[in-house]
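Source file: final.txt. Holds: compact mmCIF, C-alpha atoms and all ligand atoms.
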```txt
# COMPACT_ATOMS: atom_id res chain seq x y z
CA MET A 296 -29.16 -25.31 -36.74
CA TYR A 297 -27.34 -23.73 -33.82
CA PHE A 298 -26.74 -26.64 -31.48
CA ASP A 299 -24.08 -29.23 -32.25
CA GLU A 300 -21.78 -31.53 -30.29
CA LYS A 301 -19.68 -28.53 -29.20
CA ASN A 302 -22.35 -26.36 -27.62
CA SER A 303 -25.15 -28.61 -26.42
CA PHE A 304 -25.15 -27.45 -22.83
CA PHE A 305 -26.82 -24.46 -21.20
CA HIS A 306 -24.90 -21.23 -21.67
CA GLY A 307 -25.17 -17.53 -22.34
CA ILE A 308 -24.67 -15.55 -25.50
CA MET A 309 -22.44 -12.55 -24.97
CA PHE A 310 -23.10 -9.23 -26.66
CA HIS A 311 -21.14 -6.00 -26.61
CA HIS A 312 -21.50 -3.43 -29.41
CA PHE A 313 -24.36 -2.52 -31.71
CA HIS A 314 -24.65 0.00 -34.51
CA ASP A 315 -27.50 1.86 -36.15
CA GLU A 316 -28.04 4.49 -38.80
CA ASN A 317 -27.58 7.37 -36.49
CA LEU A 318 -25.69 7.76 -33.18
CA HIS A 319 -23.84 4.48 -33.07
CA SER A 320 -21.48 4.02 -35.95
CA LYS A 321 -20.31 0.65 -37.18
CA SER A 322 -17.24 -0.61 -35.35
CA GLN A 323 -15.13 -3.72 -34.94
CA GLY A 324 -17.49 -6.55 -34.07
CA SER A 325 -20.63 -4.41 -33.83
CA ILE A 326 -23.93 -5.70 -35.14
CA SER A 327 -27.19 -4.09 -36.25
CA LYS A 328 -30.70 -4.72 -34.95
CA ASP A 329 -31.37 -6.90 -37.99
CA ASP A 330 -28.29 -8.97 -37.15
CA LEU A 331 -29.64 -9.44 -33.63
CA TYR A 332 -32.95 -10.70 -35.03
CA LYS A 333 -30.99 -13.07 -37.27
CA ILE A 334 -28.94 -14.41 -34.37
CA ILE A 335 -32.05 -14.98 -32.28
CA ASN A 336 -33.71 -16.76 -35.19
CA PHE A 337 -30.66 -18.89 -35.83
CA VAL A 338 -30.38 -19.88 -32.18
CA GLY A 339 -34.14 -20.44 -32.04
CA ARG A 340 -36.36 -18.06 -30.10
CA GLU A 341 -37.79 -21.09 -28.27
CA ASN A 342 -34.35 -21.91 -26.82
CA ILE A 343 -33.83 -18.47 -25.32
CA ILE A 344 -35.19 -18.06 -21.83
CA ASN A 345 -35.57 -14.94 -19.74
CA ALA A 346 -32.73 -14.03 -17.39
CA ASP A 347 -34.80 -14.45 -14.22
CA ILE A 348 -36.05 -17.89 -15.31
CA PHE A 349 -32.54 -18.90 -16.37
CA PHE A 350 -31.25 -17.95 -12.93
CA LYS A 351 -34.08 -19.72 -11.12
CA LYS A 352 -33.70 -22.91 -13.14
CA PHE A 353 -29.95 -22.72 -12.75
CA LYS A 354 -30.22 -22.69 -8.97
CA GLU A 355 -32.66 -25.59 -9.10
CA LYS A 356 -30.31 -27.41 -11.47
CA LYS A 357 -33.15 -27.67 -13.96
CA LEU A 358 -31.58 -26.00 -16.98
CA ARG A 359 -31.74 -28.14 -20.06
CA SER A 360 -28.93 -28.49 -22.58
CA ASN A 361 -30.68 -26.33 -25.15
CA GLU A 362 -31.51 -23.45 -22.83
CA ILE A 363 -29.62 -20.24 -23.29
CA CYS A 364 -29.81 -16.66 -22.12
CA LEU A 365 -28.72 -13.36 -23.62
CA THR A 366 -26.11 -11.29 -21.79
CA PHE A 367 -24.86 -7.75 -22.37
CA ASP A 368 -21.59 -6.51 -20.88
CA ASP A 369 -20.12 -3.13 -20.04
CA GLY A 370 -23.12 -0.78 -19.91
CA ILE A 371 -22.64 0.22 -23.53
CA LYS A 372 -25.24 2.74 -24.65
CA SER A 373 -25.85 1.11 -28.04
CA GLN A 374 -27.23 -1.92 -26.18
CA PHE A 375 -29.91 0.30 -24.74
CA ASP A 376 -30.63 2.14 -27.98
CA VAL A 377 -30.35 -0.72 -30.48
CA ALA A 378 -30.66 -4.10 -28.73
CA LEU A 379 -33.26 -3.29 -26.09
CA PRO A 380 -36.07 -2.50 -28.58
CA VAL A 381 -35.48 -5.92 -30.16
CA LEU A 382 -35.61 -7.65 -26.78
CA GLU A 383 -38.80 -5.78 -25.96
CA ASP A 384 -40.32 -6.67 -29.32
CA LEU A 385 -39.65 -10.37 -28.76
CA GLY A 386 -40.39 -10.32 -25.04
CA ILE A 387 -36.90 -11.42 -23.98
CA LYS A 388 -35.33 -10.38 -20.68
CA GLY A 389 -31.55 -10.33 -20.62
CA PHE A 390 -28.66 -10.01 -18.20
CA PHE A 391 -26.87 -6.66 -18.18
CA PHE A 392 -23.46 -6.73 -16.49
CA VAL A 393 -22.33 -3.26 -15.65
CA TYR A 394 -19.21 -1.87 -14.01
CA SER A 395 -19.90 1.00 -11.64
CA SER A 396 -17.21 3.63 -12.23
CA MET A 397 -19.10 4.84 -15.31
CA PHE A 398 -21.68 6.37 -12.99
CA GLU A 399 -18.97 8.50 -11.39
CA ASN A 400 -18.03 9.94 -14.73
CA LYS A 401 -14.97 7.69 -14.72
CA PRO A 402 -15.80 5.11 -17.34
CA ASP A 403 -13.39 2.55 -18.62
CA TYR A 404 -11.44 4.43 -21.23
CA ILE A 405 -11.19 1.29 -23.29
CA GLU A 406 -14.62 2.21 -24.76
CA VAL A 407 -13.54 5.77 -25.39
CA PHE A 408 -10.33 4.57 -27.00
CA ARG A 409 -12.28 2.12 -29.10
CA TYR A 410 -14.61 4.86 -30.28
CA PHE A 411 -11.63 7.05 -31.03
CA ARG A 412 -9.71 4.46 -33.01
CA GLN A 413 -12.78 3.43 -35.00
CA ASN A 414 -13.98 6.92 -35.84
CA PHE A 415 -10.84 8.98 -36.11
CA TYR A 416 -8.82 6.68 -38.38
CA LYS A 417 -9.74 5.55 -41.84
CA GLU A 418 -9.12 1.95 -40.94
CA ILE A 419 -8.01 0.07 -37.88
CA ASN A 420 -4.54 -0.68 -39.26
CA ASP A 421 -3.91 3.07 -39.62
CA PHE A 422 -4.54 3.33 -35.93
CA TYR A 423 -2.17 0.44 -35.15
CA ARG A 424 0.52 2.11 -37.24
CA ASP A 425 0.07 5.41 -35.40
CA PHE A 426 0.03 3.56 -32.08
CA PHE A 427 3.27 1.65 -32.63
CA ARG A 428 5.00 4.61 -34.27
CA THR A 429 4.17 6.83 -31.30
CA LEU A 430 5.19 4.14 -28.80
CA ASN A 431 8.49 4.03 -30.64
CA VAL A 432 10.13 0.91 -29.16
CA ASN A 433 11.40 -2.19 -30.87
CA LEU A 434 8.96 -4.91 -29.85
CA GLU A 435 10.44 -7.74 -31.88
CA LYS A 436 11.87 -9.51 -28.83
CA PHE A 437 8.68 -9.02 -26.87
CA PHE A 438 6.57 -10.60 -29.61
CA LYS A 439 9.04 -13.46 -29.99
CA LYS A 440 8.90 -14.12 -26.27
CA ASN A 441 5.11 -14.13 -26.40
CA LYS A 442 4.72 -16.25 -29.50
CA LEU A 443 2.96 -19.03 -27.60
CA LYS A 444 0.56 -16.55 -26.05
CA ILE A 445 -0.20 -15.00 -29.44
CA ASP A 446 -0.91 -18.43 -30.94
CA ASN A 447 -3.13 -19.22 -27.99
CA ILE A 448 -5.20 -16.06 -28.36
CA LYS A 449 -5.56 -16.74 -32.08
CA LEU A 450 -6.91 -20.17 -31.20
CA LYS A 451 -9.37 -18.88 -28.62
CA ALA A 452 -10.41 -15.82 -30.60
CA PRO A 453 -9.97 -16.58 -34.31
CA TYR A 454 -11.87 -13.40 -35.19
CA TYR A 455 -8.85 -11.31 -34.15
CA SER A 456 -6.28 -10.47 -36.82
CA LEU A 457 -2.60 -10.81 -35.97
CA GLU A 458 -2.44 -6.99 -35.73
CA ASP A 459 -5.37 -7.00 -33.29
CA ILE A 460 -3.57 -9.51 -31.08
CA LYS A 461 -0.22 -7.72 -31.21
CA PHE A 462 -1.95 -4.51 -30.22
CA ARG A 463 -3.81 -6.23 -27.40
CA ILE A 464 -0.83 -7.93 -25.84
CA THR A 465 1.25 -4.78 -26.15
CA ARG A 466 -1.51 -2.93 -24.37
CA ASP A 467 -2.13 -5.56 -21.69
CA GLU A 468 1.31 -7.06 -21.13
CA TYR A 469 4.00 -4.68 -22.35
CA LEU A 470 2.50 -1.40 -21.22
CA ASN A 471 0.80 -1.08 -17.89
CA ARG A 472 -2.60 0.55 -17.68
CA GLU A 473 -1.20 3.98 -16.94
CA ASN A 474 1.36 3.95 -19.76
CA TYR A 475 -1.23 2.75 -22.20
CA LYS A 476 -3.63 5.48 -21.16
CA ASN A 477 -0.96 8.12 -21.52
CA LEU A 478 -0.06 6.93 -24.97
CA MET A 479 -3.70 6.98 -26.03
CA PHE A 480 -4.20 10.48 -24.62
CA LEU A 481 -1.24 11.56 -26.69
CA LEU A 482 -2.82 10.14 -29.84
CA MET A 483 -6.18 11.72 -28.99
CA ARG A 484 -4.58 15.12 -28.41
CA LYS A 485 -2.92 14.91 -31.79
CA LYS A 486 -6.39 14.60 -33.31
CA ASN A 487 -8.11 17.14 -31.04
CA PHE A 488 -10.40 14.47 -29.61
CA SER A 489 -12.00 15.40 -26.29
CA ALA A 490 -13.19 12.27 -24.50
CA GLU A 491 -15.77 13.70 -22.07
CA LYS A 492 -17.87 14.92 -24.93
CA TYR A 493 -18.61 11.32 -25.86
CA PHE A 494 -19.46 9.76 -22.48
CA SER A 495 -23.24 10.10 -22.82
CA ARG A 496 -23.15 8.60 -26.30
CA LEU A 497 -21.04 5.65 -25.18
CA PHE A 498 -22.30 4.63 -21.73
CA PHE A 499 -25.50 3.92 -19.82
CA SER A 500 -26.91 6.75 -17.78
CA GLU A 501 -28.25 6.06 -14.30
CA LYS A 502 -31.71 6.27 -15.77
CA ASN A 503 -30.91 3.63 -18.41
CA LEU A 504 -29.83 1.29 -15.63
CA LYS A 505 -32.97 1.91 -13.60
CA ASP A 506 -35.19 1.48 -16.65
CA LEU A 507 -33.62 -1.89 -17.47
CA HIS A 508 -34.14 -3.04 -13.90
CA ASP A 509 -37.75 -1.81 -13.88
CA MET A 510 -38.43 -3.61 -17.16
CA GLY A 511 -37.40 -6.91 -15.58
CA HIS A 512 -33.92 -7.36 -16.97
CA ILE A 513 -31.30 -8.55 -14.49
CA ILE A 514 -28.50 -6.16 -13.58
CA GLY A 515 -25.32 -7.84 -12.44
CA LEU A 516 -21.77 -7.04 -11.35
CA HIS A 517 -18.90 -6.46 -13.70
CA SER A 518 -16.38 -4.94 -11.19
CA HIS A 519 -16.04 -1.25 -10.37
CA SER A 520 -13.34 0.01 -12.73
CA HIS A 521 -13.25 -2.84 -15.26
CA PRO A 522 -9.58 -3.87 -15.01
CA THR A 523 -8.36 -5.68 -18.13
CA LEU A 524 -6.75 -8.39 -15.99
CA ILE A 525 -8.43 -8.49 -12.60
CA GLU A 526 -6.63 -11.78 -11.87
CA LYS A 527 -3.42 -9.77 -11.54
CA LEU A 528 -4.81 -7.77 -8.61
CA ASN A 529 -4.30 -8.96 -5.05
CA TYR A 530 -7.15 -10.23 -2.91
CA GLU A 531 -7.90 -6.90 -1.29
CA ASN A 532 -8.03 -4.95 -4.53
CA GLN A 533 -10.21 -7.56 -6.16
CA PHE A 534 -12.51 -7.47 -3.15
CA ASN A 535 -12.78 -3.70 -3.43
CA GLU A 536 -13.57 -3.92 -7.14
CA TYR A 537 -16.58 -6.17 -6.57
CA ASN A 538 -17.67 -4.79 -3.24
CA THR A 539 -17.74 -1.25 -4.62
CA CYS A 540 -19.66 -2.43 -7.65
CA ILE A 541 -22.31 -4.17 -5.58
CA LEU A 542 -22.66 -1.13 -3.30
CA LYS A 543 -23.00 1.37 -6.12
CA LEU A 544 -25.35 -0.66 -8.27
CA SER A 545 -27.67 -1.53 -5.39
CA LYS A 546 -27.75 2.10 -4.34
CA LEU A 547 -28.54 3.30 -7.86
CA LEU A 548 -31.29 0.70 -8.23
CA ASN A 549 -32.55 1.36 -4.74
CA ILE A 550 -32.43 -2.33 -3.80
CA SER A 551 -30.67 -4.30 -1.09
CA ARG A 552 -27.19 -5.46 -2.02
CA LYS A 553 -28.37 -8.98 -1.34
CA GLU A 554 -30.62 -8.77 -4.37
CA ILE A 555 -27.64 -8.69 -6.70
CA LYS A 556 -26.75 -12.31 -7.37
CA CYS A 557 -25.24 -12.48 -10.84
CA MET A 558 -22.10 -11.26 -12.55
CA SER A 559 -19.79 -11.67 -15.50
CA HIS A 560 -15.98 -11.57 -15.38
CA PRO A 561 -14.56 -8.45 -17.04
CA CYS A 562 -12.47 -9.55 -20.03
CA GLY A 563 -13.05 -13.12 -18.82
CA SER A 564 -10.33 -12.62 -16.21
CA TYR A 565 -10.46 -14.22 -12.76
CA ASN A 566 -8.54 -16.49 -10.43
CA LYS A 567 -9.24 -18.49 -7.26
CA ASP A 568 -9.35 -15.31 -5.16
CA THR A 569 -11.98 -13.81 -7.44
CA LEU A 570 -14.24 -16.83 -7.05
CA LYS A 571 -13.79 -16.79 -3.28
CA ILE A 572 -14.64 -13.09 -3.12
CA LEU A 573 -17.72 -13.44 -5.30
CA SER A 574 -19.09 -16.27 -3.16
CA LYS A 575 -18.47 -14.18 -0.09
CA LEU A 576 -20.43 -11.31 -1.64
CA GLY A 577 -23.37 -13.64 -2.22
CA ILE A 578 -22.99 -14.01 -5.98
CA GLU A 579 -24.58 -17.22 -7.17
CA LEU A 580 -24.17 -17.13 -10.94
CA GLY A 581 -21.13 -15.89 -12.85
CA PHE A 582 -20.34 -15.99 -16.55
CA LYS A 583 -16.96 -16.37 -18.20
CA GLN A 584 -16.62 -15.46 -21.83
CA ILE A 585 -15.62 -18.58 -23.64
CA MET A 586 -17.16 -21.94 -24.44
CA ALA A 587 -14.00 -23.97 -23.88
CA ILE A 588 -12.51 -25.80 -20.94
CA GLU A 589 -9.45 -23.82 -19.86
CA LYS A 590 -7.11 -26.49 -18.59
CA ASP A 591 -4.58 -23.90 -17.40
CA LYS A 592 -7.27 -22.61 -15.04
CA GLY A 593 -7.81 -26.11 -13.68
CA MET A 594 -11.23 -26.44 -15.30
CA LYS A 595 -12.74 -29.86 -15.59
CA ALA A 596 -15.95 -28.92 -17.40
CA VAL A 597 -17.22 -26.13 -19.62
CA ASN A 598 -19.64 -24.94 -16.98
CA ASN A 599 -16.97 -25.56 -14.42
CA SER A 600 -18.63 -24.00 -11.39
CA PRO A 601 -21.60 -21.69 -10.71
CA LEU A 602 -19.23 -18.76 -11.17
CA GLU A 603 -17.72 -20.11 -14.39
CA ILE A 604 -20.65 -20.54 -16.77
CA ALA A 605 -19.85 -20.56 -20.47
CA ARG A 606 -20.82 -17.90 -22.95
CA GLU A 607 -20.62 -17.85 -26.71
CA ASP A 608 -19.53 -14.62 -28.35
CA HIS A 609 -22.16 -13.23 -30.70
CA SER A 610 -19.56 -12.74 -33.44
CA LYS A 611 -19.03 -16.48 -33.70
CA ILE A 612 -22.75 -17.03 -34.17
CA MET A 613 -22.93 -14.15 -36.63
CA ARG A 614 -20.36 -15.86 -38.82
CA ARG A 615 -22.40 -19.05 -38.83
CA VAL A 616 -25.57 -17.07 -39.67
CA ASN A 617 -23.78 -15.56 -42.65
CA LEU A 618 -22.48 -18.85 -44.05
ZN ZN B 701 -16.47 -6.06 -19.84
```
Would you mind writing the file out in C-alpha cells?
Amino acid sequence: MYFDEKNSFFHGIMFHHFHDENLHSKSQGSISKDDLYKIINFVGRENIINADIFFKKFKEKKLRSNEICLTFDDGIKSQFDVALPVLEDLGIKGFFFVYSSMFENKPDYIEVFRYFRQNFYKEINDFYRDFFRTLNVNLEKFFKKNKLKIDNIKLKAPYYSLEDIKFRITRDEYLNRENYKNLMFLLMRKKNFSAEKYFSRLFFSEKNLKDLHDMGHIIGLHSHSHPTLIEKLNYENQFNEYNTCILKLSKLLNISRKEIKCMSHPCGSYNKDTLKILSKLGIELGFKQIMAIEKDKGMKAVNNSPLEIAREDHSKIMRRVNL
C-alpha cells in the first residue's frame, strides 16, 4: 500500500536515471524497466493520471488526495529509451522537464561527470578518493563548519551515504562551478575520457523532445543551463535562465511560448525571485523535489503554492517496493 498519513495528498513522482542491458549502464539510483513497472504497480496504476489531466484538474482545484503524476527531469536519454516504452505500454502520459542548453551542445556536465564517475571507476568511493586527492586541500574545518548542513541533507535524503554528501557539499559549496568543472576535467583527462563522444548517449536529441510532445507528454521548463543552486543567482540571471528555456523549448516544439505552463525546479532550488519570475513567464504549475514542508523556506504546507508542488523521489518508493 503506497498511501499513508505522510503522503496522502496529490503529488508527483520524480524520476531521473534508468538502465538497461545495453546502452545505459547501471548507475547510482538508476532503475530498470521492470523496476518502473513495480513502482507503478505499488503506487497503483489507477492512482496515476496523465500529465495533461493532472494539470487541468490542478487548475480547477479538483485533484484528489490519491492522484499522482509521473515526472522526468533533465532530458536524460535513458528516460526515452527505457521509461517511455513502459509509459506507452500502460498508456501513461508524463511530465518531462528539460533544460535547454543541451540542445546547443552545451549540456549540464553534471550528467557527463556522473557517467564518468560511474563507468570509469570500479566503485564510487574510488572516485571520491581520486577527487579529494586531486583537490588536495584539508577540508576538515569546512566539514566541521557545515556539520549542521550535512546532518540536514542526511535527514532529507537518507539514501545518500556520508561520502556522497561530503562530495556534494564540496562540489556545491566549497568549489564554485568553474573550479569543480576544472577539477573534473583534470580527472577525465587522466583517464583519457572525451566527453563529447557521450552526449548523444546521455541526452535527449531535438527529435526525442518533439516525439514526446507529439505523443502527448507535457514538456516543461527546467532552466537553461541547469545551475545547481539557482537561488544563488540574482533576479536578472534567474530571469534569463527561465526566459531562455521557454524561448528555446517553444521554438524547438514549434509552439507558442504561452503553451508552456509547467516546470520543475532544478535540484529543487528556488527562492522568492524564482517564483516571481515563473509567474511572470506564465508558468502555472511547478514541482519541487521533496515531500516535506521546508520551514526555512517559509512553507506552510507541503503543496505550498502552485509553483511548489511536492514530488516523491522514485528511490524512496523503490525501497518500499523491495521491503
Ligand atoms: Zn534537474
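Counting only C-alpha atoms, A:Ser327 has the following residues at most 6 Å away, ignoring those fewer than 3 positions along the same chain: Phe313, His314, Asp315 and Asp330 of chain A.
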Kindly provide, as a PyMOL selection string, all nucleotide and amino acid residues lying within 9 Å of ligand ZN 701 (chain B), counting all atoms listed in the file. chain A and resi 311+367-370+392-394+517-518+521-523+559-563
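Computed from the coordinates, the atom CA of A:Asn414 to atom CA of A:Arg496 distance equals 13.3 Å.
Checking A:Met397, A:Leu430, A:Ala596, A:Ile343 one by one against A:Leu385, counting only C-alpha atoms, you find the shortest gap at A:Ile343.
The closest residue to A:Phe498, picked from A:Ile405, A:Ile525, A:Met594, A:Leu358 and counting all atoms listed in the file, is A:Ile405.
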Hey, what's within 9 Å of stretch 527-543 of chain A if we count all atoms listed in the file and toss same-chain stuff fewer than 2 positions away? As a ChimeraX atom specification, please? /A:393-396,398,515-522,524-525,545-548,551-553,555,564-566,568-569,572-573,576
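The gap separating atom CA of A:Tyr416 from atom CA of A:Leu457 is 18.7 Å, in Å to one decimal.
For stretch 302-304 of chain A, the set of protein, DNA and RNA residues having any atom at most 8 Å away, when counting only C-alpha atoms and skipping those fewer than 6 positions along the same chain, is Arg359, Ser360, Asn361, Glu362 and Met586 of chain A.
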What does the file look like for those residues with C-alpha atoms, as a tab-separated table (two decimals), in the coordinates of the input?
```
chain	number	residue	atom	x	y	z
A	359	ARG	CA	-31.74	-28.14	-20.06
A	360	SER	CA	-28.93	-28.49	-22.58
A	361	ASN	CA	-30.68	-26.33	-25.15
A	362	GLU	CA	-31.51	-23.45	-22.83
A	586	MET	CA	-17.16	-21.94	-24.44
```
Neighbour list for stretch 479-493 of chain A as a VMD selection string, cut-off 12 Å, all atoms listed in the file, skip fewer than 6 positions in-chain: chain A and resid 318 to 319 372 397 400 to 412 414 to 416 422 to 430 466 470 472 to 473 499
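The space separating atom CA of A:His306 from atom CA of A:Gly339 comes to 13.9 Å.
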Once 5 Å is added on each side, what are the centre and the three edge lengths, in Å to one decimal, of the axis-aligned box enclosing the listed atoms of stretch 296-308 of chain A? Present them as AutoDock Vina command-line options.
```
--center_x -24.4 --center_y -23.5 --center_z -29.0 --size_x 19.5 --size_y 26.0 --size_z 25.5
```
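You can rank A:Asn336, A:Ser600, A:Ser322, A:Ser373 by their closest distance to A:Leu497 using all atoms listed in the file, and at the top of that list sits A:Ser373.
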Closest atom pairs, residues of stretch 524-600 of chain A within 12 Å of stretch 441-455 of chain A, only C-alpha atoms, as CSV:
```
residue,atom,partner,partner_atom,distance
A:Gly563,CA,A:Lys451,CA,11.9
A:Gln584,CA,A:Lys451,CA,10.5
A:Ile585,CA,A:Lys451,CA,8.0
A:Met586,CA,A:Lys451,CA,9.4
A:Ala587,CA,A:Lys451,CA,8.4
A:Ile588,CA,A:Lys451,CA,10.8
A:Glu589,CA,A:Lys451,CA,10.1
A:Asp591,CA,A:Asn447,CA,11.7
```
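Point (-22.5, -12.9, -23.8) has the following residues at most 7 Å away: A:Gly307, A:Ile308, A:Met309, A:Phe310, A:Leu365, A:Thr366, A:Phe367, A:Gln584, A:Arg606, A:Glu607, A:Asp608, A:His609 (atoms considered: all atoms listed in the file).
For the set A:Arg615, A:Lys357, A:Lys388, A:Arg340, the residue with the smallest atom-to-atom gap to A:Ile514 is A:Lys388, counting only C-alpha atoms.
Closest approach to A:Gly389 from the set A:Val338, A:Leu478, A:Ile513, A:Ile460 is made by A:Ile513, with distances taken over all atoms listed in the file.
When only C-alpha atoms are used to measure the gap to A:Asn598, the shortest distance among A:Phe494, A:Phe462, A:Tyr332, A:Phe353 belongs to A:Phe353.
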